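Below: the structure, in structure tokens.
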Amino acid sequence: MSLFPNDEAFKLDVLREVGNIGSGHAATALSTLMDRPVDMAVPTVSLLPFESIAERVGGPEELVIAVFFRVEGPAPGNMFFILHPRSARRLLARFEVLKGSEGDEYTYSELELSALCEIGNILAGSYLSSLGDLTGLYMSPSVPSIAFDMAGAILSFGLLQFGVMGDEALLIDTTLVEGGQKTEGQFFLIPDPESFDKLFRALGVPVE
Amino acid sequence: MTEMTFIKVGMADLNIAGDGAVLKTTGLGSCVGITLYDPILKLAGMAHIMLPDSQIAKEGQLNIAKYADTAVPELVRRLREKGADVKRLVAKMAGGAQMFAFAVGSDSMRIGPRNVESTKLALQAFSIPLLSEDTGANYGRTVELDSGTGIFTIRSVQFGVKEI
């Protein structure tokens, strides 16, 4: 399947830039929250078979914490903020109010999950509002929802809109890194198939 | 002890197995893992269903393993090809969870329960009895069906291993 019959390389570049700008703002927000520098890796944009999407976080049975948002507005889509348990613990350790409640990497209190959910919310908010500024399209995250489970079970929920079109989805994958090495979190943006033309038009990319 | 042979069933995929091989699919969330089993031939089939109804498909080449209403008939067809008798077939299934709790007022939030309902309807069309199920709730599952015994194993993070 080719999602973009014309100018595919150029369009993927544009989407990479979309990921770049969005996660750049999210990295700044996370850096402020953690009070330490946070960088980002170059985003990857690819049309992936459903099976391969969970591989991006370690495989379908890898345990991850994910905050899910439905992106609302004229160019809707699905967004995940994904943390590996180790990163989640590191992130939580930065917050004074949560001190003393530390469990292991596989046990989280309600308060901790709620804090992670709120961090995801703040980061997704800055990701999407920067895309809104860029495109002039209103983009807003829905109420966030958090899950700690197998990656395959979680991520498949974001593939339903692509599911009716074929067996692949276009994923804008960006990684936030701290200190140049430790992964802090990963953003998956999966615009609905119908949203690409709207995004491209708003960015002045010719649409067939 | 002989080595177990695992046959992987991917997302929106189906397969059949015999000779004691084990069918396995990982990371079921709102998706449904449906299995059919002929206990006489010890022949098993499994599908990893993603969506309830092929009517909503917009794809050119329909992937019949993806939809409940097309995957079940295809499993039956594949098993019959190997000599299974539809009157002997029994079903077990798991999955159909709602991974995220909030409601955004869209049908996609209820996709898990809809997958389960639609799979049951497809089984009824062939009068295949559903022996047991572990569906719904809000957690992911990895499932296996042993073609030698018909035992269906479910693994989840919260509840460990369970057999139905």
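Lettering and numbering for the structure tokens are positional, with chains as A, B, ... in the shown order, residues counted from 1 in each chain, and ligands counted from 1 in the shown order.
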
Could you make a table, as JSON lines, of the residues of chain A that have an atom within 8 Å of an atom of chain B, each with its nearest atom pair and distance in Å to one decimal, counting only C-alpha atoms, in chain and number order?
{"residue": "A:Phe50", "atom": "CA", "partner": "B:Met11", "partner_atom": "CA", "distance": 6.9}
{"residue": "A:Glu51", "atom": "CA", "partner": "B:Met11", "partner_atom": "CA", "distance": 6.2}
{"residue": "A:Pro60", "atom": "CA", "partner": "B:Gly27", "partner_atom": "CA", "distance": 5.4}
{"residue": "A:Glu61", "atom": "CA", "partner": "B:Gly27", "partner_atom": "CA", "distance": 5.8}
{"residue": "A:Phe68", "atom": "CA", "partner": "B:Phe100", "partner_atom": "CA", "distance": 7.5}
{"residue": "A:Ser142", "atom": "CA", "partner": "B:Val104", "partner_atom": "CA", "distance": 7.6}
{"residue": "A:Val143", "atom": "CA", "partner": "B:Phe102", "partner_atom": "CA", "distance": 7.5}
{"residue": "A:Pro144", "atom": "CA", "partner": "B:Phe102", "partner_atom": "CA", "distance": 7.9}
{"residue": "A:Ser145", "atom": "CA", "partner": "B:Phe100", "partner_atom": "CA", "distance": 5.7}
{"residue": "A:Ile146", "atom": "CA", "partner": "B:Phe100", "partner_atom": "CA", "distance": 6.7}
{"residue": "A:Ala147", "atom": "CA", "partner": "B:Phe100", "partner_atom": "CA", "distance": 6.7}
{"residue": "A:Asp149", "atom": "CA", "partner": "B:Gly140", "partner_atom": "CA", "distance": 6.2}
{"residue": "A:Met150", "atom": "CA", "partner": "B:Gly27", "partner_atom": "CA", "distance": 5.8}
{"residue": "A:Ala151", "atom": "CA", "partner": "B:Gly27", "partner_atom": "CA", "distance": 6.9}
{"residue": "A:Gly152", "atom": "CA", "partner": "B:Gly27", "partner_atom": "CA", "distance": 4.4}
{"residue": "A:Ala153", "atom": "CA", "partner": "B:Gly29", "partner_atom": "CA", "distance": 3.7}
{"residue": "A:Ile154", "atom": "CA", "partner": "B:Gly29", "partner_atom": "CA", "distance": 6.2}
{"residue": "A:Ser156", "atom": "CA", "partner": "B:Gly29", "partner_atom": "CA", "distance": 6.9}
{"residue": "A:Phe157", "atom": "CA", "partner": "B:Ser30", "partner_atom": "CA", "distance": 6.8}
{"residue": "A:Leu160", "atom": "CA", "partner": "B:Ser108", "partner_atom": "CA", "distance": 7.5}
{"residue": "A:Gly163", "atom": "CA", "partner": "B:Leu51", "partner_atom": "CA", "distance": 7.6}
{"residue": "A:Val164", "atom": "CA", "partner": "B:Ala57", "partner_atom": "CA", "distance": 4.6}
{"residue": "A:Met165", "atom": "CA", "partner": "B:Glu59", "partner_atom": "CA", "distance": 4.3}
{"residue": "A:Gly166", "atom": "CA", "partner": "B:Glu59", "partner_atom": "CA", "distance": 5.4}
{"residue": "A:Asp167", "atom": "CA", "partner": "B:Ala12", "partner_atom": "CA", "distance": 7.7}

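Within stretch 30-108 of chain A, DSSP applied to the backbone places the following residues in helix (DSSP H, G or I): Leu30, Ser31, Thr32, Leu33, Met34, Phe50, Glu51, Ser52, Ile53, Ala54, Glu55, Arg56, Val57, Pro85, Arg86, Ser87, Ala88, Arg89, Arg90, Leu91, Leu92, Glu96, Val97 and Leu98 of chain A.
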
Export of the given selection (N, CA and C atoms) as a CSV table (one decimal), in the first residue's frame:
chain,number,residue,atom,x,y,z
A,30,LEU,N,8.9,18.8,29.0
A,30,LEU,CA,9.4,17.8,29.9
A,30,LEU,C,10.7,18.3,30.7
A,31,SER,N,11.5,19.0,29.9
A,31,SER,CA,12.7,19.6,30.5
A,31,SER,C,12.4,20.5,31.7
A,32,THR,N,11.4,21.3,31.4
A,32,THR,CA,10.9,22.3,32.5
A,32,THR,C,10.4,21.5,33.7
A,33,LEU,N,9.6,20.5,33.4
A,33,LEU,CA,9.0,19.6,34.5
A,33,LEU,C,10.1,18.9,35.3
A,34,MET,N,11.1,18.4,34.6
A,34,MET,CA,12.1,17.6,35.3
A,34,MET,C,13.3,18.5,35.8
A,50,PHE,N,0.9,-3.5,10.9
A,50,PHE,CA,0.4,-3.5,12.3
A,50,PHE,C,1.3,-4.3,13.2
A,51,GLU,N,1.8,-5.4,12.7
A,51,GLU,CA,2.6,-6.3,13.5
A,51,GLU,C,3.9,-5.6,14.0
A,52,SER,N,4.4,-4.7,13.1
A,52,SER,CA,5.7,-4.1,13.4
A,52,SER,C,5.6,-2.9,14.4
A,53,ILE,N,4.5,-2.4,14.6
A,53,ILE,CA,4.3,-1.1,15.4
A,53,ILE,C,4.7,-1.4,16.8
A,54,ALA,N,4.3,-2.5,17.4
A,54,ALA,CA,4.7,-2.8,18.8
A,54,ALA,C,6.2,-3.0,18.9
A,55,GLU,N,6.8,-3.5,17.8
A,55,GLU,CA,8.3,-3.7,17.8
A,55,GLU,C,9.0,-2.4,18.1
A,56,ARG,N,8.4,-1.3,17.8
A,56,ARG,CA,9.1,0.0,18.1
A,56,ARG,C,9.2,0.3,19.5
A,57,VAL,N,8.5,-0.4,20.4
A,57,VAL,CA,8.7,-0.2,21.8
A,57,VAL,C,9.2,-1.5,22.5
A,85,PRO,N,8.8,1.0,32.0
A,85,PRO,CA,8.7,1.1,33.5
A,85,PRO,C,9.9,1.8,34.1
A,86,ARG,N,11.1,1.6,33.6
A,86,ARG,CA,12.3,2.2,34.2
A,86,ARG,C,12.3,3.7,34.1
A,87,SER,N,11.9,4.2,32.9
A,87,SER,CA,11.8,5.6,32.7
A,87,SER,C,10.7,6.2,33.5
A,88,ALA,N,9.6,5.5,33.7
A,88,ALA,CA,8.5,6.0,34.5
A,88,ALA,C,8.9,6.2,35.9
A,89,ARG,N,9.7,5.2,36.4
A,89,ARG,CA,10.2,5.4,37.8
A,89,ARG,C,11.1,6.6,37.9
A,90,ARG,N,12.0,6.7,36.9
A,90,ARG,CA,12.9,7.8,37.0
A,90,ARG,C,12.2,9.2,36.9
A,91,LEU,N,11.2,9.2,36.1
A,91,LEU,CA,10.4,10.4,36.0
A,91,LEU,C,9.7,10.8,37.3
A,92,LEU,N,9.1,9.7,37.9
A,92,LEU,CA,8.4,10.0,39.2
A,92,LEU,C,9.3,10.4,40.3
A,96,GLU,N,8.9,15.7,44.2
A,96,GLU,CA,9.1,15.7,45.7
A,96,GLU,C,7.8,15.2,46.3
A,97,VAL,N,6.6,15.6,45.8
A,97,VAL,CA,5.4,15.2,46.5
A,97,VAL,C,5.1,13.7,46.4
A,98,LEU,N,5.8,13.0,45.5
A,98,LEU,CA,5.6,11.6,45.4
A,98,LEU,C,6.6,10.8,46.2

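Of the residues under consideration (A:Gly77, A:Pro206, A:Gly132, A:Pro49), A:Gly77 shows the shortest atom-to-atom contact distance to A:Pro193 when counting only C-alpha atoms.
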
Polymer residues at most 12 Å from stretch 195-199 of chain A, only C-alpha atoms, same-chain spacing of 2 or more positions, as a short mmCIF file (atom, residue, chain, number, x, y, z; two decimals) with C-alpha atoms, in the first residue's frame:
data_model
loop_
_atom_site.label_atom_id
_atom_site.label_comp_id
_atom_site.auth_asym_id
_atom_site.auth_seq_id
_atom_site.Cartn_x
_atom_site.Cartn_y
_atom_site.Cartn_z
CA LEU A 3 -0.57 6.17 1.18
CA PHE A 4 0.83 8.94 -0.99
CA LYS A 11 5.41 14.18 2.11
CA LEU A 12 7.15 11.88 4.55
CA VAL A 14 6.94 17.09 5.85
CA LEU A 15 5.47 14.66 8.39
CA VAL A 18 5.62 17.82 11.98
CA VAL A 71 -6.54 14.09 18.80
CA GLU A 72 -9.63 16.18 18.22
CA GLY A 73 -10.24 18.83 15.60
CA PRO A 74 -10.36 18.98 11.80
CA ALA A 75 -7.39 16.59 11.40
CA PRO A 76 -8.10 13.92 14.02
CA GLY A 77 -5.83 11.06 14.98
CA ASN A 78 -4.50 8.95 17.82
CA LEU A 131 1.20 21.67 15.57
CA GLY A 132 -1.86 23.85 15.81
CA LEU A 134 2.17 25.44 12.59
CA THR A 135 -0.86 24.35 10.61
CA GLY A 136 -3.48 26.82 11.72
CA LEU A 137 -5.68 23.79 12.44
CA TYR A 138 -7.18 23.43 15.88
CA MET A 139 -5.73 20.30 17.46
CA GLN A 161 -8.90 3.87 11.89
CA PHE A 162 -6.19 2.44 9.64
CA LEU A 170 1.51 5.59 9.24
CA LEU A 171 3.37 6.26 12.45
CA LEU A 189 1.23 10.13 16.49
CA ILE A 190 -1.04 8.19 14.13
CA PRO A 191 -3.18 10.63 12.18
CA ASP A 192 -6.42 9.19 10.80
CA PRO A 193 -6.01 8.29 7.12
CA ARG A 201 -3.15 21.55 2.57
CA ALA A 202 -2.69 23.52 5.77
CA LEU A 203 1.08 23.34 5.30
CA GLY A 204 0.95 24.38 1.66
CA VAL A 205 1.89 20.96 0.28
CA PRO A 206 0.18 20.25 -3.04
CA VAL A 207 -2.44 17.53 -2.66
CA GLU A 208 -3.59 15.56 -5.67
#

Original post:
Which polymer residues have any atom within 7 Å of an atom of B:Phe6, counting only C-alpha atoms, with same-chain residues fewer than 2 positions away left out, as JSON, numbers by chain?
Top reply: {"B": [4, 8, 21, 22, 23, 24]}

With C-alpha atoms retained, could you export that selection as an mmCIF file, in the first residue's frame?
data_model
loop_
_atom_site.group_PDB
_atom_site.id
_atom_site.type_symbol
_atom_site.label_atom_id
_atom_site.label_comp_id
_atom_site.auth_asym_id
_atom_site.auth_seq_id
_atom_site.Cartn_x
_atom_site.Cartn_y
_atom_site.Cartn_z
ATOM 1 C CA MET B 4 6.633 -27.692 21.395
ATOM 2 C CA LYS B 8 2.288 -17.598 15.494
ATOM 3 C CA ALA B 21 1.423 -27.804 17.526
ATOM 4 C CA VAL B 22 0.379 -24.768 19.555
ATOM 5 C CA LEU B 23 -1.295 -21.749 17.980
ATOM 6 C CA LYS B 24 -0.339 -18.508 19.660
#

Subject >> Non-local contacts of B:Leu131 (9 Å; only C-alpha atoms; under 4 positions in same chain excluded) as a ChimeraX atom specification >> reply: /B:90-93,164

Original post:
Please, which residues of stretch 1-162 of chain B, numbered as in this document, come out strand (DSSP E) from DSSP, as an MDAnalysis selection string?
Top reply: chainID B and resid 6:8 14:17 22:28 32:38 43:49 90:95 130:135 141:146 152:156 160:162
